[in-house]
>>> print(open('my_file.cif').read())   # mmCIF, C-alpha atoms and all ligand atoms
data_model
#
loop_
_atom_site.label_atom_id
_atom_site.label_comp_id
_atom_site.auth_asym_id
_atom_site.auth_seq_id
_atom_site.Cartn_x
_atom_site.Cartn_y
_atom_site.Cartn_z
CA MET O 595 -36.63 -42.25 4.32
CA ALA O 596 -38.98 -39.71 5.88
CA GLN O 597 -40.84 -42.56 7.60
CA VAL O 598 -37.61 -43.96 9.08
CA GLU O 599 -36.67 -40.55 10.43
CA ALA O 600 -40.15 -40.01 11.88
CA GLU O 601 -40.09 -43.41 13.63
CA ALA O 602 -36.60 -42.83 15.01
CA GLU O 603 -37.68 -39.43 16.26
CA ALA O 604 -40.71 -40.98 17.98
CA GLU O 605 -38.35 -43.27 19.93
CA GLU O 606 -35.90 -40.47 20.78
CA PRO O 607 -35.49 -39.90 24.49
CA THR O 608 -37.57 -36.94 25.51
CA HIS O 609 -35.59 -36.32 28.65
CA ARG O 610 -31.98 -35.81 27.60
CA ARG O 611 -29.56 -34.52 30.19
CA GLU O 612 -26.85 -32.04 29.45
CA GLY O 613 -23.82 -34.04 28.37
CA GLY O 614 -25.88 -36.37 26.16
CA HIS O 615 -27.04 -39.06 28.64
CA ALA O 616 -30.76 -39.62 28.90
CA SER O 617 -31.96 -39.79 32.47
CA LEU O 618 -33.60 -43.01 33.63
CA SER O 619 -35.57 -41.07 36.20
CA GLY O 620 -38.96 -42.67 36.79
CA GLN O 621 -37.87 -45.96 35.19
CA VAL O 622 -37.88 -49.28 37.03
CA ALA O 623 -35.09 -51.82 36.55
CA PHE O 624 -34.89 -55.41 37.78
CA ILE O 625 -31.42 -56.99 37.95
CA THR O 626 -30.71 -60.61 38.81
CA GLY O 627 -27.52 -61.55 40.62
CA GLY O 628 -27.26 -57.89 41.61
CA GLY O 629 -25.60 -58.58 44.93
CA SER O 630 -22.08 -58.96 43.53
CA GLY O 631 -19.66 -58.21 40.71
CA LEU O 632 -21.23 -57.19 37.40
CA GLY O 633 -24.82 -57.16 38.65
CA ALA O 634 -23.92 -54.76 41.46
CA ALA O 635 -22.09 -52.51 38.98
CA PHE O 636 -25.13 -52.52 36.69
CA ALA O 637 -27.40 -51.65 39.62
CA ARG O 638 -25.17 -48.72 40.64
CA ARG O 639 -24.90 -47.46 37.06
CA LEU O 640 -28.65 -47.50 36.36
CA ALA O 641 -29.40 -45.97 39.76
CA ALA O 642 -26.85 -43.21 39.09
CA ASP O 643 -28.99 -42.17 36.11
CA GLY O 644 -32.13 -42.14 38.22
CA ALA O 645 -33.66 -45.61 37.80
CA SER O 646 -35.37 -47.34 40.72
CA VAL O 647 -33.63 -50.70 40.94
CA VAL O 648 -34.90 -54.01 42.28
CA VAL O 649 -31.88 -56.12 43.24
CA ASN O 650 -32.30 -59.89 43.03
CA ASP O 651 -29.83 -62.37 44.44
CA LEU O 652 -29.73 -65.78 46.10
CA SER O 653 -27.97 -64.06 48.98
CA ALA O 654 -30.36 -61.85 50.95
CA ASP O 655 -27.45 -60.03 52.62
CA ALA O 656 -25.69 -59.26 49.34
CA ALA O 657 -28.90 -58.01 47.71
CA ALA O 658 -29.74 -55.88 50.75
CA ALA O 659 -26.27 -54.30 50.86
CA VAL O 660 -26.42 -53.18 47.21
CA ALA O 661 -30.06 -52.09 47.49
CA ALA O 662 -29.25 -49.98 50.56
CA GLU O 663 -26.42 -48.26 48.69
CA ILE O 664 -28.67 -47.19 45.82
CA SER O 665 -31.98 -46.78 47.69
CA GLY O 666 -33.41 -49.74 45.79
CA ASP O 667 -35.35 -52.74 46.99
CA THR O 668 -34.68 -56.46 46.96
CA ALA O 669 -36.18 -59.67 45.58
CA VAL O 670 -34.48 -62.74 47.01
CA PHE O 671 -35.08 -65.91 45.00
CA ASP O 672 -33.36 -68.49 42.79
CA VAL O 673 -33.67 -67.60 39.08
CA CYS O 674 -34.14 -71.33 38.36
CA ASP O 675 -37.54 -71.12 40.08
CA SER O 676 -39.95 -69.91 37.39
CA ALA O 677 -42.88 -69.37 39.77
CA ALA O 678 -40.70 -67.27 42.08
CA TYR O 679 -39.40 -65.29 39.10
CA ASP O 680 -42.94 -64.60 37.81
CA ALA O 681 -44.11 -63.54 41.28
CA ALA O 682 -41.12 -61.22 41.82
CA ILE O 683 -41.50 -59.49 38.44
CA ASP O 684 -45.26 -59.08 38.95
CA ALA O 685 -44.71 -57.72 42.47
CA ALA O 686 -42.05 -55.26 41.29
CA ALA O 687 -44.28 -54.01 38.46
CA GLU O 688 -47.22 -53.64 40.83
CA ARG O 689 -45.18 -51.93 43.57
CA HIS O 690 -43.63 -49.40 41.19
CA GLY O 691 -46.49 -49.16 38.69
CA ARG O 692 -44.25 -50.10 35.73
CA LEU O 693 -41.33 -52.23 34.55
CA ASP O 694 -38.84 -50.76 32.07
CA ILE O 695 -35.59 -52.71 32.28
CA VAL O 696 -34.71 -56.32 33.12
CA ILE O 697 -31.07 -57.49 33.25
CA ASN O 698 -30.76 -61.28 33.29
CA ASN O 699 -27.33 -61.43 34.88
CA ALA O 700 -27.28 -64.07 37.66
CA GLY O 701 -24.60 -66.63 37.00
CA ILE O 702 -22.21 -69.22 38.37
CA ALA O 703 -18.83 -70.57 37.32
CA PRO O 704 -17.69 -74.18 37.40
CA PRO O 705 -16.30 -74.93 40.87
CA PRO O 706 -12.50 -75.19 41.02
CA ASP O 707 -11.17 -78.70 40.57
CA ALA O 708 -7.59 -79.08 41.78
CA ASP O 709 -6.91 -82.26 39.77
CA ARG O 710 -8.15 -80.73 36.54
CA ILE O 711 -6.12 -77.56 37.10
CA GLU O 712 -3.04 -79.68 37.77
CA ARG O 713 -3.60 -81.60 34.52
CA ALA O 714 -4.18 -78.36 32.58
CA ILE O 715 -0.94 -76.84 33.85
CA GLN O 716 0.96 -80.09 33.20
CA ASN O 717 -0.43 -80.21 29.65
CA GLN O 718 0.50 -76.58 29.09
CA MET O 719 4.12 -77.42 29.99
CA LEU O 720 4.09 -80.46 27.70
CA ARG O 721 2.72 -78.33 24.84
CA MET O 722 5.48 -75.77 25.34
CA GLU O 723 7.98 -78.62 25.07
CA GLY O 724 6.23 -79.90 21.94
CA ARG O 725 5.40 -83.24 23.66
CA ILE O 726 1.85 -83.54 22.23
CA ASP O 727 1.90 -87.38 22.42
CA ASP O 728 2.42 -87.19 26.20
CA LEU O 729 -0.64 -84.98 26.91
CA VAL O 730 -2.96 -86.31 29.63
CA PRO O 731 -6.68 -86.36 28.67
CA PRO O 732 -8.32 -83.59 30.75
CA ASP O 733 -11.59 -85.57 30.80
CA SER O 734 -13.64 -82.41 31.43
CA THR O 735 -16.55 -83.88 29.48
CA VAL O 736 -16.56 -87.44 30.76
CA GLU O 737 -16.17 -86.32 34.38
CA LEU O 738 -18.98 -83.74 34.24
CA SER O 739 -21.91 -84.91 36.37
CA ASP O 740 -25.58 -84.68 35.45
CA ALA O 741 -26.12 -82.39 38.43
CA ASP O 742 -23.38 -79.94 37.44
CA TRP O 743 -24.57 -79.87 33.82
CA ASP O 744 -28.19 -79.29 34.91
CA ARG O 745 -27.40 -76.54 37.39
CA MET O 746 -25.22 -74.62 34.91
CA ILE O 747 -27.81 -74.75 32.13
CA LYS O 748 -30.63 -73.95 34.56
CA VAL O 749 -29.10 -70.87 36.21
CA HIS O 750 -28.02 -69.29 32.93
CA LEU O 751 -30.37 -70.48 30.18
CA TYR O 752 -33.56 -71.31 32.09
CA GLY O 753 -33.08 -68.26 34.30
CA THR O 754 -32.80 -66.01 31.24
CA PHE O 755 -35.88 -67.60 29.68
CA TYR O 756 -37.93 -67.28 32.88
CA GLY O 757 -36.91 -63.64 33.35
CA THR O 758 -37.54 -62.68 29.74
CA ARG O 759 -40.93 -64.38 29.67
CA ALA O 760 -42.04 -62.77 32.93
CA ALA O 761 -40.86 -59.33 31.76
CA LEU O 762 -42.52 -59.56 28.33
CA ARG O 763 -45.91 -60.15 29.98
CA HIS O 764 -45.60 -56.55 31.18
CA MET O 765 -43.50 -54.97 28.45
CA THR O 766 -45.29 -56.15 25.30
CA PRO O 767 -48.71 -54.79 26.36
CA ALA O 768 -46.95 -51.54 27.36
CA ARG O 769 -45.18 -51.48 23.95
CA SER O 770 -42.01 -50.50 25.78
CA GLY O 771 -39.07 -52.02 27.65
CA SER O 772 -35.50 -53.21 27.42
CA ILE O 773 -34.16 -56.62 28.39
CA VAL O 774 -30.40 -57.22 28.53
CA ASN O 775 -29.19 -60.81 28.77
CA ILE O 776 -25.69 -61.37 30.05
CA SER O 777 -23.97 -64.01 27.95
CA SER O 778 -20.18 -64.34 27.80
CA VAL O 779 -17.27 -64.19 25.44
CA LEU O 780 -17.18 -67.96 25.98
CA GLY O 781 -20.58 -68.15 24.26
CA LEU O 782 -18.90 -66.69 21.17
CA ARG O 783 -15.53 -68.35 21.58
CA PRO O 784 -15.93 -71.53 23.66
CA MET O 785 -12.85 -72.92 25.36
CA ALA O 786 -12.15 -76.49 26.43
CA GLY O 787 -12.86 -77.21 30.09
CA ALA O 788 -16.07 -75.23 30.69
CA LEU O 789 -18.35 -76.79 28.11
CA HIS O 790 -21.57 -76.49 30.12
CA TYR O 791 -20.88 -72.80 30.83
CA ALA O 792 -20.05 -72.09 27.17
CA THR O 793 -23.08 -74.06 25.98
CA ALA O 794 -25.43 -72.13 28.28
CA LYS O 795 -23.95 -68.80 27.23
CA ALA O 796 -24.17 -69.67 23.52
CA GLY O 797 -27.80 -70.65 24.11
CA ILE O 798 -28.46 -67.19 25.58
CA ILE O 799 -27.18 -65.64 22.33
CA ALA O 800 -29.55 -67.70 20.14
CA PHE O 801 -32.40 -67.10 22.59
CA THR O 802 -31.81 -63.33 22.57
CA LYS O 803 -31.71 -63.10 18.78
CA SER O 804 -34.89 -65.11 18.45
CA VAL O 805 -36.90 -63.20 21.09
CA GLY O 806 -35.42 -59.88 20.00
CA GLN O 807 -36.72 -60.40 16.46
CA GLU O 808 -40.14 -61.45 17.76
CA VAL O 809 -40.72 -58.38 19.91
CA ALA O 810 -38.88 -55.74 17.84
CA PRO O 811 -42.07 -54.41 16.18
CA PHE O 812 -43.74 -54.03 19.57
CA GLY O 813 -41.42 -51.49 21.14
CA VAL O 814 -39.53 -53.98 23.31
CA ARG O 815 -35.79 -54.46 22.86
CA VAL O 816 -33.97 -57.65 23.86
CA ASN O 817 -30.20 -57.67 23.48
CA ALA O 818 -27.23 -59.64 24.79
CA VAL O 819 -23.88 -58.60 26.20
CA CYS O 820 -20.86 -60.90 26.04
CA PRO O 821 -18.35 -59.73 28.65
CA GLY O 822 -14.77 -60.85 28.28
CA TRP O 823 -12.82 -61.64 31.44
CA VAL O 824 -13.99 -59.33 34.22
CA ASP O 825 -12.43 -58.93 37.64
CA THR O 826 -15.29 -60.10 39.90
CA PRO O 827 -15.73 -62.63 42.73
CA LEU O 828 -16.82 -65.17 40.07
CA LEU O 829 -13.18 -65.66 39.09
CA ALA O 830 -11.82 -65.47 42.63
CA THR O 831 -11.49 -69.25 42.93
CA MET O 832 -9.62 -69.67 39.64
CA ASP O 833 -5.99 -70.71 39.84
CA PRO O 834 -3.72 -67.63 39.51
CA MET O 835 -1.60 -69.43 36.89
CA ILE O 836 -4.66 -70.09 34.74
CA ILE O 837 -5.72 -66.45 35.13
CA ALA O 838 -2.24 -65.27 34.13
CA GLY O 839 -2.38 -67.53 31.06
CA ILE O 840 -5.75 -66.07 30.09
CA VAL O 841 -4.64 -62.46 30.55
CA MET O 842 -1.73 -63.16 28.21
CA GLN O 843 -4.30 -63.97 25.50
CA ILE O 844 -6.28 -60.73 25.97
CA PRO O 845 -5.09 -58.19 23.39
CA ARG O 846 -5.94 -55.31 25.78
CA GLY O 847 -3.50 -56.88 28.27
CA ARG O 848 -5.78 -56.90 31.31
CA MET O 849 -9.17 -57.97 32.59
CA ALA O 850 -12.11 -55.55 32.55
CA ALA O 851 -13.45 -53.73 35.57
CA PRO O 852 -17.19 -54.34 36.13
CA GLU O 853 -17.83 -50.61 35.62
CA GLU O 854 -16.57 -50.86 32.02
CA LEU O 855 -19.29 -53.41 31.25
CA ALA O 856 -21.84 -51.30 33.11
CA GLU O 857 -21.47 -48.52 30.52
CA LEU O 858 -22.47 -50.93 27.74
CA VAL O 859 -25.39 -52.29 29.74
CA ARG O 860 -26.52 -48.73 30.56
CA PHE O 861 -26.52 -47.93 26.83
CA LEU O 862 -28.61 -51.00 26.01
CA ALA O 863 -30.98 -50.41 28.92
CA GLY O 864 -31.82 -46.88 27.88
CA PRO O 865 -33.42 -45.21 24.86
CA GLU O 866 -30.03 -44.37 23.27
CA SER O 867 -29.99 -47.94 21.90
CA SER O 868 -33.33 -47.53 20.12
CA TYR O 869 -32.15 -49.45 17.02
CA CYS O 870 -30.67 -52.46 18.88
CA ASN O 871 -33.08 -55.39 18.53
CA GLY O 872 -31.95 -58.94 19.14
CA ASP O 873 -28.37 -57.77 18.81
CA VAL O 874 -25.28 -59.14 20.52
CA PHE O 875 -22.47 -56.96 21.88
CA ALA O 876 -19.06 -58.08 23.12
CA ALA O 877 -16.74 -56.06 25.34
CA SER O 878 -13.76 -58.35 25.61
CA GLY O 879 -10.59 -56.32 25.20
CA GLY O 880 -10.19 -57.99 21.81
CA PHE O 881 -10.50 -61.58 23.15
CA ALA O 882 -13.72 -62.37 21.26
N1 LIG H 1 -16.65 -62.27 35.60
C1 LIG H 1 -16.45 -62.61 34.35
O1 LIG H 1 -15.31 -62.69 33.88
C2 LIG H 1 -17.63 -62.86 33.45
C3 LIG H 1 -17.37 -62.97 32.08
C4 LIG H 1 -18.43 -63.20 31.22
C5 LIG H 1 -19.71 -63.32 31.72
N2 LIG H 1 -19.93 -63.22 33.05
C6 LIG H 1 -21.31 -63.37 33.50
O2 LIG H 1 -21.70 -62.21 34.21
C7 LIG H 1 -22.70 -62.56 35.16
C8 LIG H 1 -22.31 -62.00 36.51
O3 LIG H 1 -21.10 -62.60 36.92
P1 LIG H 1 -20.11 -61.95 37.99
O4 LIG H 1 -18.77 -62.10 37.44
O5 LIG H 1 -20.60 -60.64 38.41
O6 LIG H 1 -20.26 -63.03 39.16
P2 LIG H 1 -20.44 -62.87 40.75
O7 LIG H 1 -20.20 -64.22 41.30
O8 LIG H 1 -19.63 -61.73 41.24
O9 LIG H 1 -21.98 -62.48 40.89
C9 LIG H 1 -23.00 -63.37 40.52
C10 LIG H 1 -24.17 -63.16 41.47
O10 LIG H 1 -25.26 -64.01 41.02
C11 LIG H 1 -25.84 -64.60 42.16
N3 LIG H 1 -26.50 -65.85 41.76
C12 LIG H 1 -25.90 -67.01 41.41
N4 LIG H 1 -26.81 -67.95 41.14
C13 LIG H 1 -28.02 -67.36 41.33
C14 LIG H 1 -29.35 -67.82 41.21
N5 LIG H 1 -29.61 -69.09 40.85
N6 LIG H 1 -30.37 -66.97 41.47
C15 LIG H 1 -30.10 -65.69 41.86
N7 LIG H 1 -28.85 -65.20 42.00
C16 LIG H 1 -27.82 -66.03 41.74
C17 LIG H 1 -24.69 -64.83 43.11
O11 LIG H 1 -25.17 -64.99 44.45
C18 LIG H 1 -23.86 -63.58 42.91
O12 LIG H 1 -24.22 -62.55 43.81
C19 LIG H 1 -22.80 -64.09 35.13
O13 LIG H 1 -23.91 -64.46 34.31
C20 LIG H 1 -21.50 -64.51 34.49
O14 LIG H 1 -21.61 -65.74 33.85
C21 LIG H 1 -18.93 -62.98 33.93
#
>>> encode(input="my_file.cif", output="structure tokens")
Amino acid sequence: MAQVEAEAEAEEPTHRREGGHASLSGQVAFITGGGSGLGAAFARRLAADGASVVVNDLSADAAAAVAAEISGDTAVFDVCDSAAYDAAIDAAAERHGRLDIVINNAGIAPPPDADRIERAIQNQMLRMEGRIDDLVPPDSTVELSDADWDRMIKVHLYGTFYGTRAALRHMTPARSGSIVNISSVLGLRPMAGALHYATAKAGIIAFTKSVGQEVAPFGVRVNAVCPGWVDTPLLATMDPMIIAGIVMQIPRGRMAAPEELAELVRFLAGPESSYCNGDVFAASGGFA
């Protein structure tokens, strides 16, 4: 018991602010997909507590806009490119002299498909009328192309692997660091129609648990966050009727704001979450 208390004390933040939040002053954070939506909210939240933030995105303009807002810097590359990811993490660590936090957040959604949406709405009507025998096969699986499957798995699962591997090369020798992988509620509760997205996000959960266990004794924490439905540009192309149908299934009765997820990510990024190792956290308004 005394040993547990002593170890916990050793990991206690030494720089608590009044009001209970530890400052991230002097810490360096690297966030992928930080030019929009959740990633931008995470960047603002960590910067608000004093972290220096490196904002990655595919879009140079989006990354630059967020970085300018928070006095951060940018790293423009595709997270599917492992050599680019390694080089950017190494450059950030060298430029700032350390690397404390990596948020693997970059992501994409399946592009809207008018025919499939039409079929989904038609099937919803038929279900409400109890006409199960008349349902039209949505064919989401048989119509999914190799290219769409590959890109979805690569951005989410490969990107998370590349980022985690690059970060651990710095964090494990330093015996310190926090990696937060952004999965999804669909990784916990897959839905028909976005099987490649759900598969990638479920993979991130298994990946996080496995790596988190491996590095737990070495002072590095790797955890996953599963956001529910969040109001970001990612969902902007979804059909409003589909969105309305989803919101009806959320016990909280609304989507999340990105800032609500940023509080959870801030907790996992900082020393307050000292006993979270390979753990998975949902914030889904009850949807998970
Ligand atoms: N919005 C939601 O409801 C929701 C729910 C659960 C999980 N998520 C996850 O949260 C993460 C952020 O999503 P968001 O809603 O903020 O989306 P978003 O579209 O607002 O932002 C995603 C950002 O990632 C960037 N990006 C995409 N592919 C990239 C790549 N290959 N390399 C570098 N950058 C790339 C985009 O340019 C964009 O700026 C994603 O992983 C998404 O799957 C979102």
>>> closest_atom_pairs(input="my_file.cif", of="segment 628-658 of chain O", to="segment 745-757 of chain O", cutoff="12 Å", atoms="all atoms listed in the file", output="JSON lines")
{"residue": "O:Asn650", "atom": "CA", "partner": "O:Gly757", "partner_atom": "CA", "distance": 11.4}
{"residue": "O:Asp651", "atom": "CA", "partner": "O:Val749", "partner_atom": "CA", "distance": 11.9}
{"residue": "O:Leu652", "atom": "CA", "partner": "O:Val749", "partner_atom": "CA", "distance": 11.1}
>>> residues_near_ligand(input="my_file.cif", ligand="ligand LIG 1 (chain H)", cutoff="9 Å", atoms="all atoms listed in the file", output="NGL selection string")
:O and (626-635 or 650-654 or 656-657 or 670-675 or 698-703 or 745 or 748-750 or 753 or 775-781 or 791 or 795 or 819-830 or 849-850 or 852 or 878)
>>> write_last_selection(input="my_file.cif", atoms="C-alpha atoms", output="mmCIF file, keeping the file's coordinate frame")
data_model
loop_
_atom_site.group_PDB
_atom_site.id
_atom_site.type_symbol
_atom_site.label_atom_id
_atom_site.label_comp_id
_atom_site.auth_asym_id
_atom_site.auth_seq_id
_atom_site.Cartn_x
_atom_site.Cartn_y
_atom_site.Cartn_z
ATOM 1 C CA THR O 626 -30.710 -60.610 38.810
ATOM 2 C CA GLY O 627 -27.520 -61.550 40.620
ATOM 3 C CA GLY O 628 -27.260 -57.890 41.610
ATOM 4 C CA GLY O 629 -25.600 -58.580 44.930
ATOM 5 C CA SER O 630 -22.080 -58.960 43.530
ATOM 6 C CA GLY O 631 -19.660 -58.210 40.710
ATOM 7 C CA LEU O 632 -21.230 -57.190 37.400
ATOM 8 C CA GLY O 633 -24.820 -57.160 38.650
ATOM 9 C CA ALA O 634 -23.920 -54.760 41.460
ATOM 10 C CA ALA O 635 -22.090 -52.510 38.980
ATOM 11 C CA ASN O 650 -32.300 -59.890 43.030
ATOM 12 C CA ASP O 651 -29.830 -62.370 44.440
ATOM 13 C CA LEU O 652 -29.730 -65.780 46.100
ATOM 14 C CA SER O 653 -27.970 -64.060 48.980
ATOM 15 C CA ALA O 654 -30.360 -61.850 50.950
ATOM 16 C CA ALA O 656 -25.690 -59.260 49.340
ATOM 17 C CA ALA O 657 -28.900 -58.010 47.710
ATOM 18 C CA VAL O 670 -34.480 -62.740 47.010
ATOM 19 C CA PHE O 671 -35.080 -65.910 45.000
ATOM 20 C CA ASP O 672 -33.360 -68.490 42.790
ATOM 21 C CA VAL O 673 -33.670 -67.600 39.080
ATOM 22 C CA CYS O 674 -34.140 -71.330 38.360
ATOM 23 C CA ASP O 675 -37.540 -71.120 40.080
ATOM 24 C CA ASN O 698 -30.760 -61.280 33.290
ATOM 25 C CA ASN O 699 -27.330 -61.430 34.880
ATOM 26 C CA ALA O 700 -27.280 -64.070 37.660
ATOM 27 C CA GLY O 701 -24.600 -66.630 37.000
ATOM 28 C CA ILE O 702 -22.210 -69.220 38.370
ATOM 29 C CA ALA O 703 -18.830 -70.570 37.320
ATOM 30 C CA ARG O 745 -27.400 -76.540 37.390
ATOM 31 C CA LYS O 748 -30.630 -73.950 34.560
ATOM 32 C CA VAL O 749 -29.100 -70.870 36.210
ATOM 33 C CA HIS O 750 -28.020 -69.290 32.930
ATOM 34 C CA GLY O 753 -33.080 -68.260 34.300
ATOM 35 C CA ASN O 775 -29.190 -60.810 28.770
ATOM 36 C CA ILE O 776 -25.690 -61.370 30.050
ATOM 37 C CA SER O 777 -23.970 -64.010 27.950
ATOM 38 C CA SER O 778 -20.180 -64.340 27.800
ATOM 39 C CA VAL O 779 -17.270 -64.190 25.440
ATOM 40 C CA LEU O 780 -17.180 -67.960 25.980
ATOM 41 C CA GLY O 781 -20.580 -68.150 24.260
ATOM 42 C CA TYR O 791 -20.880 -72.800 30.830
ATOM 43 C CA LYS O 795 -23.950 -68.800 27.230
ATOM 44 C CA VAL O 819 -23.880 -58.600 26.200
ATOM 45 C CA CYS O 820 -20.860 -60.900 26.040
ATOM 46 C CA PRO O 821 -18.350 -59.730 28.650
ATOM 47 C CA GLY O 822 -14.770 -60.850 28.280
ATOM 48 C CA TRP O 823 -12.820 -61.640 31.440
ATOM 49 C CA VAL O 824 -13.990 -59.330 34.220
ATOM 50 C CA ASP O 825 -12.430 -58.930 37.640
ATOM 51 C CA THR O 826 -15.290 -60.100 39.900
ATOM 52 C CA PRO O 827 -15.730 -62.630 42.730
ATOM 53 C CA LEU O 828 -16.820 -65.170 40.070
ATOM 54 C CA LEU O 829 -13.180 -65.660 39.090
ATOM 55 C CA ALA O 830 -11.820 -65.470 42.630
ATOM 56 C CA MET O 849 -9.170 -57.970 32.590
ATOM 57 C CA ALA O 850 -12.110 -55.550 32.550
ATOM 58 C CA PRO O 852 -17.190 -54.340 36.130
ATOM 59 C CA SER O 878 -13.760 -58.350 25.610
#
>>> residues_near_point(input="my_file.cif", point="(-26.5, -47.5, 28.4)", cutoff="10 Å", atoms="all atoms listed in the file", output="list of chain:residue names")
O:His615, O:Ala616, O:Leu618, O:Phe636, O:Arg639, O:Leu640, O:Asp643, O:Leu855, O:Ala856, O:Glu857, O:Leu858, O:Val859, O:Arg860, O:Phe861, O:Leu862, O:Ala863, O:Gly864, O:Pro865, O:Glu866, O:Ser867
>>> write_last_selection(input="my_file.cif", atoms="C-alpha atoms", output="PDB file, in the frame of the given file")
ATOM      1  CA  HIS O 615     -27.040 -39.060  28.640  1.00  0.00           C
ATOM      2  CA  ALA O 616     -30.760 -39.620  28.900  1.00  0.00           C
ATOM      3  CA  LEU O 618     -33.600 -43.010  33.630  1.00  0.00           C
ATOM      4  CA  PHE O 636     -25.130 -52.520  36.690  1.00  0.00           C
ATOM      5  CA  ARG O 639     -24.900 -47.460  37.060  1.00  0.00           C
ATOM      6  CA  LEU O 640     -28.650 -47.500  36.360  1.00  0.00           C
ATOM      7  CA  ASP O 643     -28.990 -42.170  36.110  1.00  0.00           C
ATOM      8  CA  LEU O 855     -19.290 -53.410  31.250  1.00  0.00           C
ATOM      9  CA  ALA O 856     -21.840 -51.300  33.110  1.00  0.00           C
ATOM     10  CA  GLU O 857     -21.470 -48.520  30.520  1.00  0.00           C
ATOM     11  CA  LEU O 858     -22.470 -50.930  27.740  1.00  0.00           C
ATOM     12  CA  VAL O 859     -25.390 -52.290  29.740  1.00  0.00           C
ATOM     13  CA  ARG O 860     -26.520 -48.730  30.560  1.00  0.00           C
ATOM     14  CA  PHE O 861     -26.520 -47.930  26.830  1.00  0.00           C
ATOM     15  CA  LEU O 862     -28.610 -51.000  26.010  1.00  0.00           C
ATOM     16  CA  ALA O 863     -30.980 -50.410  28.920  1.00  0.00           C
ATOM     17  CA  GLY O 864     -31.820 -46.880  27.880  1.00  0.00           C
ATOM     18  CA  PRO O 865     -33.420 -45.210  24.860  1.00  0.00           C
ATOM     19  CA  GLU O 866     -30.030 -44.370  23.270  1.00  0.00           C
ATOM     20  CA  SER O 867     -29.990 -47.940  21.900  1.00  0.00           C
TER      21      SER O 867
END
>>> residues_around(input="my_file.cif", residues="segment 833-846 of chain O", least_positions_apart="3", cutoff="6 Å", atoms="all atoms listed in the file", output="PyMOL selection string")
chain O and resi 879-881
>>> closest_residue(input="my_file.cif", among="O:Gly771, O:Gln807, O:Arg815, O:Glu737", to="His790 of chain O", atoms="all atoms listed in the file")
O:Glu737
>>> residues_around(input="my_file.cif", residues="segment 707-718 of chain O", least_positions_apart="4", cutoff="8 Å", atoms="all atoms listed in the file", output="ChimeraX atom specification")
/O:722,729-730,732,734,833,836
>>> write_last_selection(input="my_file.cif", atoms="C-alpha atoms", output="PDB file, keeping the file's coordinate frame")
ATOM      1  CA  MET O 722       5.480 -75.770  25.340  1.00  0.00           C
ATOM      2  CA  LEU O 729      -0.640 -84.980  26.910  1.00  0.00           C
ATOM      3  CA  VAL O 730      -2.960 -86.310  29.630  1.00  0.00           C
ATOM      4  CA  PRO O 732      -8.320 -83.590  30.750  1.00  0.00           C
ATOM      5  CA  SER O 734     -13.640 -82.410  31.430  1.00  0.00           C
ATOM      6  CA  ASP O 833      -5.990 -70.710  39.840  1.00  0.00           C
ATOM      7  CA  ILE O 836      -4.660 -70.090  34.740  1.00  0.00           C
TER       8      ILE O 836
END
>>> atom_distance(input="my_file.cif", atom1="atom CA of Ile625 of chain O", atom2="atom CA of Ile695 of chain O")
8.2 Å
>>> residues_around(input="my_file.cif", residues="segment 667-669 of chain O", least_positions_apart="3", cutoff="6 Å", atoms="only C-alpha atoms", output="number ranges by chain")
O: 648-650, 661
>>> write_last_selection(input="my_file.cif", atoms="C-alpha atoms", output="compact mmCIF listing (two decimals), in the coordinates of the input")
# COMPACT_ATOMS: atom_id res chain seq x y z
CA VAL O 648 -34.90 -54.01 42.28
CA VAL O 649 -31.88 -56.12 43.24
CA ASN O 650 -32.30 -59.89 43.03
CA ALA O 661 -30.06 -52.09 47.49
>>> atom_distance(input="my_file.cif", atom1="atom CA of Phe801 of chain O", atom2="atom CA of Ile683 of chain O")
19.8 Å
>>> atom_distance(input="my_file.cif", atom1="atom CA of Ser804 of chain O", atom2="atom CA of Gln621 of chain O")
25.6 Å
>>> closest_residue(input="my_file.cif", among="O:Ser617, O:Ala623, O:Arg692, O:Leu738", to="Pro704 of chain O", atoms="only C-alpha atoms")
O:Leu738
>>> build_atoms(input="my_file.cif", residues="segment 762-768 of chain O", atoms="N, CA and C atoms", output="CSV table (one decimal), keeping the file's coordinate frame")
chain,number,residue,atom,x,y,z
O,762,LEU,N,-41.7,-59.9,29.6
O,762,LEU,CA,-42.5,-59.6,28.3
O,762,LEU,C,-44.0,-59.5,28.6
O,763,ARG,N,-44.5,-60.2,29.6
O,763,ARG,CA,-45.9,-60.2,30.0
O,763,ARG,C,-46.3,-58.7,30.4
O,764,HIS,N,-45.3,-57.9,30.8
O,764,HIS,CA,-45.6,-56.6,31.2
O,764,HIS,C,-45.2,-55.6,30.0
O,765,MET,N,-44.1,-55.9,29.4
O,765,MET,CA,-43.5,-55.0,28.4
O,765,MET,C,-44.2,-55.0,27.1
O,766,THR,N,-44.6,-56.1,26.6
O,766,THR,CA,-45.3,-56.2,25.3
O,766,THR,C,-46.6,-55.4,25.3
O,767,PRO,N,-47.5,-55.6,26.3
O,767,PRO,CA,-48.7,-54.8,26.4
O,767,PRO,C,-48.4,-53.3,26.5
O,768,ALA,N,-47.3,-53.0,27.2
O,768,ALA,CA,-47.0,-51.5,27.4
O,768,ALA,C,-46.3,-51.0,26.1
